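A.B. asks: I have a structure I would like to understand better, so I am pasting it below and will then ask my questions one at a time.
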2 protein chains.
Amino acid sequence: MSEMKYRKGGFTLPGEAGYEQLTLDLARKWGADVIRDSDGTKLSSEITDAGYRIYSTICIIRQHNEFAEKHPDAQQQTFLITEPQVAAEEELTISLMDAYFSEQLELNDTPDALEYYQVYDRTSGVEVPRDQWTYAEGKVTVHGAKKWHQYTVSFLAWRIWEEINMYNHTTNSWTSAHLRQLDPRHPAAWEYLQNWMENWCVENPQTNVIRLTSLFYNFVWIWGDDLRNRHRFTDWASYDFTVSPAALKAFEQKHGYALTAEDFVNGGKFQVTHMPPTAHKKDYMEFIQDFVAEKAKVLVDIIHKHGKEAYVFYDDSWVGMEPNGPRFSKVGFDGLIKCVFSGFECRLCANAKVPVHELRFHPYLFPVGLGGAPTFMPGGNPTRDALQYWKNVRRALLRQPVDRIGLGGYLHLTLDFPDFNDCIEDMAIEFRRIVEMHQHGAPYAMPCKVAVMHTWGELRAWTLSGHFHETDKHNLIHINEALSGLPVDVKFVSFEDVENGALEGVDVVINAGRAGDAWSGGDAWKSDKLVEAVTKFVYEGGSFIGVGEPSALAGGHTYFRLANVLGIDEDTGARVCHGRWQAEVETVPVKVDESVLQANPHLYLTDGKAKVLAQKDGVPVMTVNEFGKGKAVYMSSFRVGADSTRMLLELLAWLSGAEKTYLSDNALVESAYYPADNTLVALNNSEETVKASIQLPEGRIDVELQPMETRMIKL
Amino acid sequence: MSEMKYRKGGFTLPGEAGYEQLTLDLARKWGADVIRDSDGTKLSSEITDAGYRIYSTICIIRQHNEFAEKHPDAQQQTFLITEPQVAAEEELTISLMDAYFSEQLELNDTPDALEYYQVYDRTSGVEVPRDQWTYAEGKVTVHGAKKWHQYTVSFLAWRIWEEINMYNHTTNSWTSAHLRQLDPRHPAAWEYLQNWMENWCVENPQTNVIRLTSLFYNFVWIWGDDLRNRHRFTDWASYDFTVSPAALKAFEQKHGYALTAEDFVNGGKFQVTHMPPTAHKKDYMEFIQDFVAEKAKVLVDIIHKHGKEAYVFYDDSWVGMEPNGPRFSKVGFDGLIKCVFSGFECRLCANAKVPVHELRFHPYLFPVGLGGAPTFMPGGNPTRDALQYWKNVRRALLRQPVDRIGLGGYLHLTLDFPDFNDCIEDMAIEFRRIVEMHQHGAPYAMPCKVAVMHTWGELRAWTLSGHFHETDKHNLIHINEALSGLPVDVKFVSFEDVENGALEGVDVVINAGRAGDAWSGGDAWKSDKLVEAVTKFVYEGGSFIGVGEPSALAGGHTYFRLANVLGIDEDTGARVCHGRWQAEVETVPVKVDESVLQANPHLYLTDGKAKVLAQKDGVPVMTVNEFGKGKAVYMSSFRVGADSTRMLLELLAWLSGAEKTYLSDNALVESAYYPADNTLVALNNSEETVKASIQLPEGRIDVELQPMETRMIKL
């Protein structure tokens, strides 16, 4: 494990001024080749001159408070909507900002913003004509309101506190100034930002890589006034925070039609990434993506001009910069940095078309971590946390490599945790060995090509919206996480892709979501062409896995559009008087993990021909249906875990007819085989010592693995 | 308890030929004043001449096999639909009768039936034009089918086995002839049936009351060929079995438009009573109700002409004869007989406008009972069964009286169960005492008027469709059952009624159902007028109780149309990124029974103002919201039981501000007070001895009650 060649490289260390010796010691221990600063910190020359490459962190739209104060109209904005208010009289006055956090949001009632205000009768679902309401001093009065109807007002607000700063500030009780953020669409601001970038490059010759955190628009994060419901709306992939009258006017000019407040606030529901976009939203997303890519390229060109590289951090203000979207590779970034808790995040990063892929490991070197739990402070156990995340990430890394790893935060916090430092040292060595094997050749994959089919396709490859723990109520994030470390080829396809032949060469297509959502597909299933494509695919020998409410669409003769393919459907109320097929549970060469299958009393077998693989309360929750030459598997739900991940793998193997070579007989042990190195890697995903027997083409090999061990076995 | 005046009257005994002495002995023991025959049995003169009134049972459309064989076109029919079949080629042949039980159903491919056949492309949801399919020998071939689309054929079938006979026959392995059934719409059949009725009256002078079991059309009960799914479709209140080309032609003539097969088969879902009817179905129901009432009146007139009375049994062939519908009282029936397992069935009967209301108690004097469990045979415990049903029924009887009770089946089966005979003797005495108290004056009711609001209103007062155990997945049947014995006034209102002022004078309105179903309301909630009426009602001081998915309608800014009134709503997917209001559980003067409240992760507080009364997995499942001067309570679900019934009562009392006089402090003990008799009745609803203290205006009274005891206390 300690060969010299694995002891250095591909590691980014967060330097810390005031702890110069510690910085250099840990750089050596962890084999860093790069030292970075962190938000709001500055490296001293003892560090920058020590022979390491230097990353400098820049949040381009933040830290310009002076400019923002002089040009308040250059600040970013968002649409907001009031709570619905019932009209008990014919005159109804609605105060606009009541529900919102006044330190983040400030009403924009300038004339060009007022143009976009809308009043809705939500009971009737119609807009109230402009001459039936008046605005004054933060309030709208509806005249001639219909009694007992509910009304809302949609309006624009300035965002006067950059959200990441706001979060860190309020979480850590900082007393520093609230950082503001500029909208690069504002001409003076854009001029200013280019000059600022130029100057920064000139003034920071020691920096090799500018690490952009990230570009212009934060994911939407609207805070409420009431601490009982602070985070009123949060969506890591929403476009709400890109809006302004200027953007709307530019959009109208380009697309020939105007967007309204309602296109954003959507009756208070907003346009969440988990739901299929409207046609207007799709147009708007392309419009913003174009803008972001164009402006990003200008900045990257400045950086390149100064002989520096431009890496971009995926999270925070990344909206419009989807790493797996079609525009990303055209910006000219030299690297993509992704913070990872999970395997799917590793794959998201690895999958992007960019020269360098870097992972920022967790835990962050902060006293507290996720949800306020202690990390680098008494009560914390950062080593355990690091191993937990490493367990998720390494299996994905074994499938698809990235180039670099690193940490973030304050190094001095590790002083009390020497075992953490040892742990990172080992991890870095393991990482380098994995990278090297990938360089020699790709790992063995089963001959099984999987397509995950949803609304967004490649644009949101491997991700839904945000981290695992923010989306863990969705079946698909569990599927993605399980898939991220399985020895199969995976691609992400949109419904449109499927209509255009994307299932060519695919063995198994997966559709996993809740009725109406972006992952199940919603109205996409109105397309007969889509139904035909998947039906034909299975009938002719392909396989389909549906999870939750796959292909669900109200109004047809069945709820799942592919009910005949699946042999199972969900009753939405009209079939409560229909007989249910009695069925015995049958077995197939897949070990079913019933613990991840939720009971759903509304499921029913359509024609009674599907095999039932699991039932709950007498109702099938997992089935397989022979359809033509193919098979369709249904699971009521899926949650990632050792047994369910193994079940998914066995399913994929069975459905595609692939040999289960290089698989262990213990669900806690995963493995990968690198033919070029003739090396088998066995992972113990548990915190106990375990034994496993792994199938090789020439026989079996028995291993005993220490807790969490990564064993590399030259065959 | 054994006063002479309570020992006789209001009791109908099923006589049994061959057991004449037993018949007369039990008639004396149980205080019968009437002896009836049963289906297919005949009373001997020793019984008919013994001084009792005599009921004779007639199923008017059955037992005419000779006529049916001569006039097969006079038999009843139904629409059927094939399983959807996928087109893998451009020519697709579909066999029509494959799925159906051939002893019940026979394809009708006569020219007038073929006219109503329809072929549908279910994938596109469009009918296939007549010139693109051909019919031959029980099969339809679609020409030029769209590949990978699903097709169905809808068609007419003769019903060649009367369903009740079919059920008894197959269940008891009878070997007798299959009874057929005639459609009174067939002119020759109708002529024949009138003559038959006339002759029957002439030939049976000893009969005082003709007990019609029941009229013409059985509830729909379509059997499948496969024993794994025998009862393909069963709905006690559906109109499917009333159809025929003649009926369709008459309908078209009357309404000016034609119905199609699709109006009935509805893509295979059929038109279930639990779903809101289409406009076509509503028209058709009225059309059939008119027909049934008109024809029934002709028969009743014949019966009256012969000096006999006509009672009608509610179940079996009762379709179109809703006892709480507007036409029932116009037929001229002298009595309504309802078999009862539950309190709501007692109220259904008691509520009908007819001179005599009679309950047929359970268990039936048969060897096996419900679902094949033993009753009058080794392993059975008919006394326990009788007490169980009596427990459900007596609390309803205490609220609203009926006139008579009775039993059905074979008396000789009671010979081995003397405790059963004693039990019925006691019950009959209790029944007579209750009836007498009602005659003196109504029981005390809390000043609380409840309106249960659903699609059907008064037409389906107290019932959904069938017995409790057939509808026990619906919240409303549990609410109805709980309400049936509570000291409050209850009425049933349709949404249309509510729009027209039906909430005038009401204290609490209840809406309990699943999104889209007839009980929640479905598209009825598209009406702004309805939303306005309920909103105004609550805002001005009324109360609303919503259970499950009340007022749910997709497409609005909230899912529950009354979300602002309730303060709680259900997320259908668009609000997964919205913050949830944190809330502590608060208390109100109602003891919450959490066991009946299902977890539902999708519920969320709208504006955070509703009080949370119960949470599951951190999500509110019971709330109360102050809205204007009124209150709205939400419960995620409801299941009837002692504690939940008490919770409902306490809720109604609290919401209406009523004093809880005459209530016990023990949920197992219910009570009713009869002011005219100054008598308090205390019921022990448990099988244990219990103590309770009952609140009187002048103080409290303590009681100790034996298991299941009915204690009548003169105050």
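Within each chain, counting starts at residue 1; across the structure tokens, chains are named A, B, ... in the order shown, with ligands numbered 1 upward in that order.
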Should the cut-off be 6 Å, what would the residue list for chain A against chain B look like, counting only C-alpha atoms, as a PDB file with C-alpha atoms, in the first residue's frame?
C.D. replies:
```
ATOM      1  CA  TRP A 148     -65.026  33.571  -0.534  1.00  0.00           C
ATOM      2  CA  ARG A 228     -40.960  27.410  12.221  1.00  0.00           C
ATOM      3  CA  ASN A 229     -40.590  27.317   8.443  1.00  0.00           C
ATOM      4  CA  HIS A 231     -36.583  27.326   4.267  1.00  0.00           C
ATOM      5  CA  ARG A 232     -39.753  28.066   2.364  1.00  0.00           C
ATOM      6  CA  PHE A 233     -38.488  26.815  -0.973  1.00  0.00           C
ATOM      7  CA  THR A 234     -35.216  25.101  -1.856  1.00  0.00           C
ATOM      8  CA  ASP A 235     -34.373  23.477  -5.161  1.00  0.00           C
ATOM      9  CA  GLY A 267     -49.692  29.245  -7.994  1.00  0.00           C
ATOM     10  CA  LYS A 269     -45.867  25.653  -6.168  1.00  0.00           C
ATOM     11  CA  GLU A 532     -44.938   2.369 -28.700  1.00  0.00           C
ATOM     12  CA  HIS A 557     -57.929   2.747 -19.310  1.00  0.00           C
ATOM     13  CA  ALA A 574     -62.409   3.221 -10.275  1.00  0.00           C
ATOM     14  CA  ARG A 575     -61.399  -0.384  -9.707  1.00  0.00           C
ATOM     15  CA  CYS A 577     -65.175  -3.138  -7.178  1.00  0.00           C
ATOM     16  CA  HIS A 578     -63.001  -5.254  -9.436  1.00  0.00           C
ATOM     17  CA  GLY A 579     -61.826  -8.657  -8.371  1.00  0.00           C
ATOM     18  CA  TRP A 581     -56.130 -11.888  -8.932  1.00  0.00           C
ATOM     19  CA  GLN A 582     -55.073 -14.306  -6.237  1.00  0.00           C
TER      20      GLN A 582
END
```
A.B. asks: Name the residues in contact with Thr48 of chain B at a cut-off of 12 Å, using only C-alpha atoms, excluding same-chain residues fewer than 3 positions from it; report them as a PyMOL selection string.
C.D. replies: chain B and resi 14-17+20+23-24+33-37+42-45+51-56+204-208
A.B. asks: Take the residues just selected and output them with C-alpha atoms as a PDB file, in the first residue's frame.
C.D. replies:
```pdb
ATOM      1  CA  PRO B  14     -89.134 -18.177   8.706  1.00  0.00           C
ATOM      2  CA  GLY B  15     -91.419 -21.212   8.798  1.00  0.00           C
ATOM      3  CA  GLU B  16     -90.131 -24.579   7.728  1.00  0.00           C
ATOM      4  CA  ALA B  17     -92.254 -27.334   6.217  1.00  0.00           C
ATOM      5  CA  GLU B  20     -94.222 -27.622  11.861  1.00  0.00           C
ATOM      6  CA  THR B  23     -92.001 -23.549  13.749  1.00  0.00           C
ATOM      7  CA  LEU B  24     -94.915 -23.000  16.102  1.00  0.00           C
ATOM      8  CA  ASP B  33     -96.734 -12.426  14.634  1.00  0.00           C
ATOM      9  CA  VAL B  34     -95.711 -13.318  11.097  1.00  0.00           C
ATOM     10  CA  ILE B  35     -94.462 -16.502   9.480  1.00  0.00           C
ATOM     11  CA  ARG B  36     -92.723 -16.334   6.123  1.00  0.00           C
ATOM     12  CA  ASP B  37     -91.549 -18.874   3.642  1.00  0.00           C
ATOM     13  CA  LYS B  42     -93.462 -23.730   0.704  1.00  0.00           C
ATOM     14  CA  LEU B  43     -95.285 -23.541   4.051  1.00  0.00           C
ATOM     15  CA  SER B  44     -97.660 -26.352   5.006  1.00  0.00           C
ATOM     16  CA  SER B  45    -101.249 -25.690   6.078  1.00  0.00           C
ATOM     17  CA  GLY B  51    -103.320 -17.749  13.151  1.00  0.00           C
ATOM     18  CA  TYR B  52    -100.176 -15.924  12.007  1.00  0.00           C
ATOM     19  CA  ARG B  53     -99.924 -13.434   9.245  1.00  0.00           C
ATOM     20  CA  ILE B  54     -98.149 -15.014   6.283  1.00  0.00           C
ATOM     21  CA  TYR B  55     -95.395 -13.496   4.127  1.00  0.00           C
ATOM     22  CA  SER B  56     -94.632 -15.207   0.848  1.00  0.00           C
ATOM     23  CA  ASN B 204    -102.306 -18.068  -2.744  1.00  0.00           C
ATOM     24  CA  PRO B 205    -105.211 -16.661  -0.790  1.00  0.00           C
ATOM     25  CA  GLN B 206    -103.545 -17.429   2.582  1.00  0.00           C
ATOM     26  CA  THR B 207    -100.705 -14.963   1.922  1.00  0.00           C
ATOM     27  CA  ASN B 208    -101.089 -11.576   3.611  1.00  0.00           C
TER      28      ASN B 208
END
```
A.B. asks: Can you pull out every residue within 6 Å of Val140 of chain A, counting only C-alpha atoms, but drop anything in the same chain fewer than 4 positions away, and send it as a list in words?
C.D. replies: Thr93, Ile94, Thr134 and Tyr135 of chain A
A.B. asks: Mind writing the picked residues with N, CA and C atoms as a PDB file, in the first residue's frame?
C.D. replies:
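The new file again-v3.pdb reads:
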```
ATOM      1  N   THR A  93     -57.205  43.630   0.939  1.00  0.00           N
ATOM      2  CA  THR A  93     -55.855  44.185   0.889  1.00  0.00           C
ATOM      3  C   THR A  93     -54.850  43.109   1.323  1.00  0.00           C
ATOM      4  N   ILE A  94     -53.841  42.940   0.497  1.00  0.00           N
ATOM      5  CA  ILE A  94     -52.853  41.882   0.724  1.00  0.00           C
ATOM      6  C   ILE A  94     -51.471  42.506   0.877  1.00  0.00           C
ATOM      7  N   THR A 134     -55.029  47.823  -7.082  1.00  0.00           N
ATOM      8  CA  THR A 134     -54.126  48.962  -6.954  1.00  0.00           C
ATOM      9  C   THR A 134     -52.986  48.568  -6.029  1.00  0.00           C
ATOM     10  N   TYR A 135     -51.850  49.240  -6.238  1.00  0.00           N
ATOM     11  CA  TYR A 135     -50.678  48.978  -5.398  1.00  0.00           C
ATOM     12  C   TYR A 135     -50.284  50.247  -4.642  1.00  0.00           C
TER      13      TYR A 135
END
```
A.B. asks: Give me the residues within 8 Å of Met708 of chain A as a PDB file with C-alpha atoms, in the first residue's frame, counting only C-alpha atoms and dropping any in the same chain fewer than 3 places off.
C.D. replies:
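As a result, part14.pdb now contains:
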```pdb
ATOM      1  CA  LEU A 387     -15.190   6.259   5.973  1.00  0.00           C
ATOM      2  CA  LYS A 391     -17.679   3.708   1.291  1.00  0.00           C
ATOM      3  CA  LEU A 683     -14.731  -3.907  -1.000  1.00  0.00           C
ATOM      4  CA  ASN A 684     -16.072  -4.597   2.433  1.00  0.00           C
ATOM      5  CA  ASN A 685     -18.997  -2.203   2.697  1.00  0.00           C
ATOM      6  CA  SER A 686     -19.671  -3.114   6.301  1.00  0.00           C
ATOM      7  CA  GLU A 687     -18.143  -2.140   9.592  1.00  0.00           C
ATOM      8  CA  GLU A 688     -17.486  -5.748  10.481  1.00  0.00           C
ATOM      9  CA  LEU A 705     -11.926  -8.520   4.749  1.00  0.00           C
TER      10      LEU A 705
END
```
A.B. asks: Excluding Val119 of chain B and any residue of its chain fewer than 6 positions from it, enumerate the residues within 8 Å of it, using only C-alpha atoms, and give them as an NGL selection string.
C.D. replies: :B and (127-130 or 133 or 151-154)
A.B. asks: Can you list, as a PyMOL selection string, all residues belonging to segment 324-566 of chain A that DSSP tags as strand (DSSP E)?
C.D. replies: chain A and resi 335-339+356-360+404-406+449-454+489-494+508-513+543-548
A.B. asks: How would you write, as a PyMOL selection string, the set of residues in segment 218-447 of chain B that DSSP gives as alpha helix (DSSP H)?
C.D. replies: chain B and resi 245-255+261-265+279-305+328-331+343-351+382-399+418-440
A.B. asks: Might you pull out every residue within 9 Å of Ala682 of chain A, with only C-alpha atoms counted and same-chain residues fewer than 5 positions away left off, and present them as a list of chain:residue names?
C.D. replies: A:Ser664, A:Val669, A:Glu670, A:Ser671, A:Ala672, A:Tyr673, A:Ile694, A:Val703, A:Leu705, A:Glu709, A:Thr710, A:Arg711, A:Met712, A:Ile713
A.B. asks: So that I can see what lies close to segment 417-421 of chain B, please list as a ChimeraX atom specification the residues with an atom at most 8 Å from it, counting only C-alpha atoms and leaving out residues fewer than 4 positions away in the same chain.
C.D. replies: /B:26,30,376,382-383,386,413,425
A.B. asks: Please produce a file of the residues just selected, as a compact mmCIF listing (two decimals), in the first residue's frame, where the atoms kept are C-alpha atoms.
C.D. replies:
```txt
# COMPACT_ATOMS: atom_id res chain seq x y z
CA LEU B 26 -90.22 -20.89 18.11
CA TRP B 30 -89.67 -15.38 19.88
CA PHE B 376 -75.11 -23.40 12.43
CA PRO B 382 -74.33 -18.24 16.09
CA THR B 383 -75.06 -16.65 19.47
CA ALA B 386 -76.00 -12.59 16.63
CA LEU B 413 -80.67 -25.68 12.16
CA GLU B 425 -85.88 -14.23 22.53
```
A.B. asks: May I ask which of the residues A:Thr57, A:Gln194, A:Ser656, A:Gln104 is the closest one to Lys295 of chain A, counting only C-alpha atoms?
C.D. replies: A:Gln194
A.B. asks: Between A:Arg7, A:Arg185, A:His602, A:His306, which one has atoms that come closest to Glu430 of chain A, using only C-alpha atoms?
C.D. replies: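 Smallest distance to Glu430 of chain A is found for A:Arg7.
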